[in-house]
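Chemist: For reference, the structure I am asking about is given below.
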Amino acid sequence: MKHFILFISATVFILTGNAAPAQITVVREGAEKLLTATAKWLGKSSTKEAGKELAEYGGEAFVRTLSQRLLKEGGEEALEKVAGLTARYGPDVLRAVDNAASPTMLLRALDELPEQQIGAAIKRLSAGQSGKILADQVQRHGAGPLLAEIAHPGVGVRLVEHLGYDGIRLAQRVGSDEVIVVARHVDDIAKLPTGERAGILRLLYDDQKRMVEFMGRFIERNPGKSLFTTAATTIVLTNPERVLGGGEIVFDAEGNPRVVSKPGLLDKVLAPIVTPLGTSIANIILPVLAFGAFVWIAIKLWFVYRIHRLKLAVAEQAPVQDPKDPPDA
């Protein structure tokens, strides 16, 4: 029995002892494939010839580590896939894959893209910290974040990061100019309770143009204020036609929001007064304006009355002609 145990122990030792060098060889060969693919993209005939350029992309140590990750998660198939992409799109592929928590999931998402968009996606995925954020969203939502970011560089991933699949859907529906406006509100929209968030998103889906215009007006006229607080959102959702028809959200002295109809001349005059100084000043000015209007109307009526009296006086003073009298020559 003792000899049998010694035999098993020796066998395990031999197998494990030989496994390490074999694994190192596989990793080294995998790294060589990636380095060769990079050199090919650089237009060099060998990795030695492309040594300096390769060093700028992390060098052999970086590539060996990446090769080990690929082999561990996706085997030879994943490594061959990355080598092929690298030969076609360059070392940005290696950086993009390195930014992903799961290289195989990233490769699967790239496979779902139209061929003409793969290069742009790889470029975005390889861009440092923003590339890591994008790769994280790809792991959560598949190819959708890539399509959103390609359509709206620097903004699409922000929509997805805060709104998930709703962000992907918005990125597909909203134009380039409009998406910038939406992105400025996306933090506040994401913080809303589920029902209210769904209501705002529904307005964006169903009446995109007017809703984005309203959001843009709010930013312009209320710098530093948040539109999508719970109170303001309730007003928007309960008065959608007034808001989308040109109405505005304004704030009283206590910071409470209210909706006003499309502003005319009087609103434009009073808006800078009501918002910073409160309604008390407005309560003084409005009666003054009303009194002034009353005086103006009274004066007009008095002039009309005087003209009418003068006409009557002239008519009373005119001589009455006898029908028998001959007409004046």
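Identifiers for the structure tokens are assigned positionally: chains receive A, B, ... in sequence, residues are indexed from 1 per chain, and ligands are indexed from 1 in the order shown.
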Against range 257-260 of chain A, which residues of range 128-229 of chain A fall within 12 Å? For each one I want the closest pair of atoms and the distance in Å (one decimal), counting only C-alpha atoms, rows by chain and increasing residue number, as JSON lines.

Modeler:
{"residue": "A:Phe214", "atom": "CA", "partner": "A:Val259", "partner_atom": "CA", "distance": 12.0}
{"residue": "A:Phe218", "atom": "CA", "partner": "A:Val259", "partner_atom": "CA", "distance": 11.6}
{"residue": "A:Asn222", "atom": "CA", "partner": "A:Pro257", "partner_atom": "CA", "distance": 11.4}
{"residue": "A:Lys225", "atom": "CA", "partner": "A:Pro257", "partner_atom": "CA", "distance": 10.7}
{"residue": "A:Ser226", "atom": "CA", "partner": "A:Pro257", "partner_atom": "CA", "distance": 10.5}
{"residue": "A:Leu227", "atom": "CA", "partner": "A:Pro257", "partner_atom": "CA", "distance": 9.2}
{"residue": "A:Phe228", "atom": "CA", "partner": "A:Pro257", "partner_atom": "CA", "distance": 10.7}
{"residue": "A:Thr229", "atom": "CA", "partner": "A:Pro257", "partner_atom": "CA", "distance": 9.5}

Chemist: For the residues in that selection, give me C-alpha atoms as a compact mmCIF listing (two decimals), in the first residue's frame.

Modeler:
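Once everything was written out, this is part_34.txt:
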# COMPACT_ATOMS: atom_id res chain seq x y z
CA PHE A 214 -38.46 72.09 -23.72
CA PHE A 218 -35.04 75.00 -19.35
CA ASN A 222 -32.48 78.21 -15.50
CA LYS A 225 -31.13 74.28 -11.67
CA SER A 226 -32.31 70.70 -12.00
CA LEU A 227 -35.38 70.09 -14.14
CA PHE A 228 -36.13 66.50 -13.17
CA THR A 229 -36.68 66.76 -9.44

Chemist: Quick one: residues within 9 Å of Ala135 in chain A, only C-alpha atoms counted, chain neighbours fewer than 4 positions away excluded, as a list of chain:residue names?

Modeler: A:Ala96, A:Val97, A:Asn99, A:Ala100, A:Ala101, A:Ser102, A:Leu106, A:Leu125, A:Ser130, A:Gly131, A:Gln139, A:Arg140, A:Pro145, A:Leu146

Chemist: Write out as a PyMOL selection string each polymer residue whose atoms come within 8 Å of Lys123 in chain A, counting only C-alpha atoms; drop sequence neighbours fewer than 2 positions from it.

Modeler: chain A and resi 92-93+96+119-121+125-127

Chemist: What lies within 9 Å of Glu161 in chain A using only C-alpha atoms, ignoring chain neighbours under 4 positions off, as a ChimeraX atom specification?

Modeler: /A:133-134,137,145,156-157,167

Chemist: With N, CA and C atoms retained, could you export that selection as a compact mmCIF listing (two decimals), in the first residue's frame?

Modeler:
# COMPACT_ATOMS: atom_id res chain seq x y z
N ILE A 133 -15.16 51.84 -19.36
CA ILE A 133 -16.58 52.05 -19.05
C ILE A 133 -17.45 51.45 -20.15
N LEU A 134 -17.06 51.69 -21.40
CA LEU A 134 -17.82 51.15 -22.52
C LEU A 134 -17.78 49.62 -22.51
N GLN A 137 -20.19 48.26 -20.03
CA GLN A 137 -21.57 48.31 -20.49
C GLN A 137 -21.85 47.24 -21.55
N PRO A 145 -24.56 49.06 -26.43
CA PRO A 145 -23.74 50.22 -26.07
C PRO A 145 -22.74 50.61 -27.15
N GLY A 156 -23.15 58.56 -26.20
CA GLY A 156 -23.96 57.35 -26.23
C GLY A 156 -23.74 56.46 -25.02
N VAL A 157 -22.49 56.25 -24.65
CA VAL A 157 -22.19 55.39 -23.51
C VAL A 157 -22.72 56.00 -22.21
N GLY A 167 -31.42 53.73 -22.36
CA GLY A 167 -30.41 54.58 -22.96
C GLY A 167 -30.06 54.13 -24.37

Chemist: Using CA of Leu71 in chain A and CA of Val27 in chain A as the two end points, give the distance in Å to one decimal.

Modeler: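 If I compute the distance from CA of Leu71 in chain A to CA of Val27 in chain A, I get 7.5 Å.
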
Chemist: Between CA of Gly246 in chain A and CA of Ala151 in chain A, what distance in Å does the model show, to one decimal?

Modeler: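 Distance reported for this atom pair: 29.3 Å.
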
Chemist: Check the DSSP output for the backbone and give back, as a ChimeraX atom specification, the residues of range 120-257 of chain A in alpha helix (DSSP H).

Modeler: /A:120-125,128-141,144-151,156-163,165-173,176-191,194-206,208-221,230-238,240-244

Chemist: Enter the distance from CA of Ile219 in chain A to CA of Ile189 in chain A, in Å, rounded to one decimal.

Modeler: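 About the pair CA of Ile219 in chain A and CA of Ile189 in chain A: they are 14.4 Å apart.
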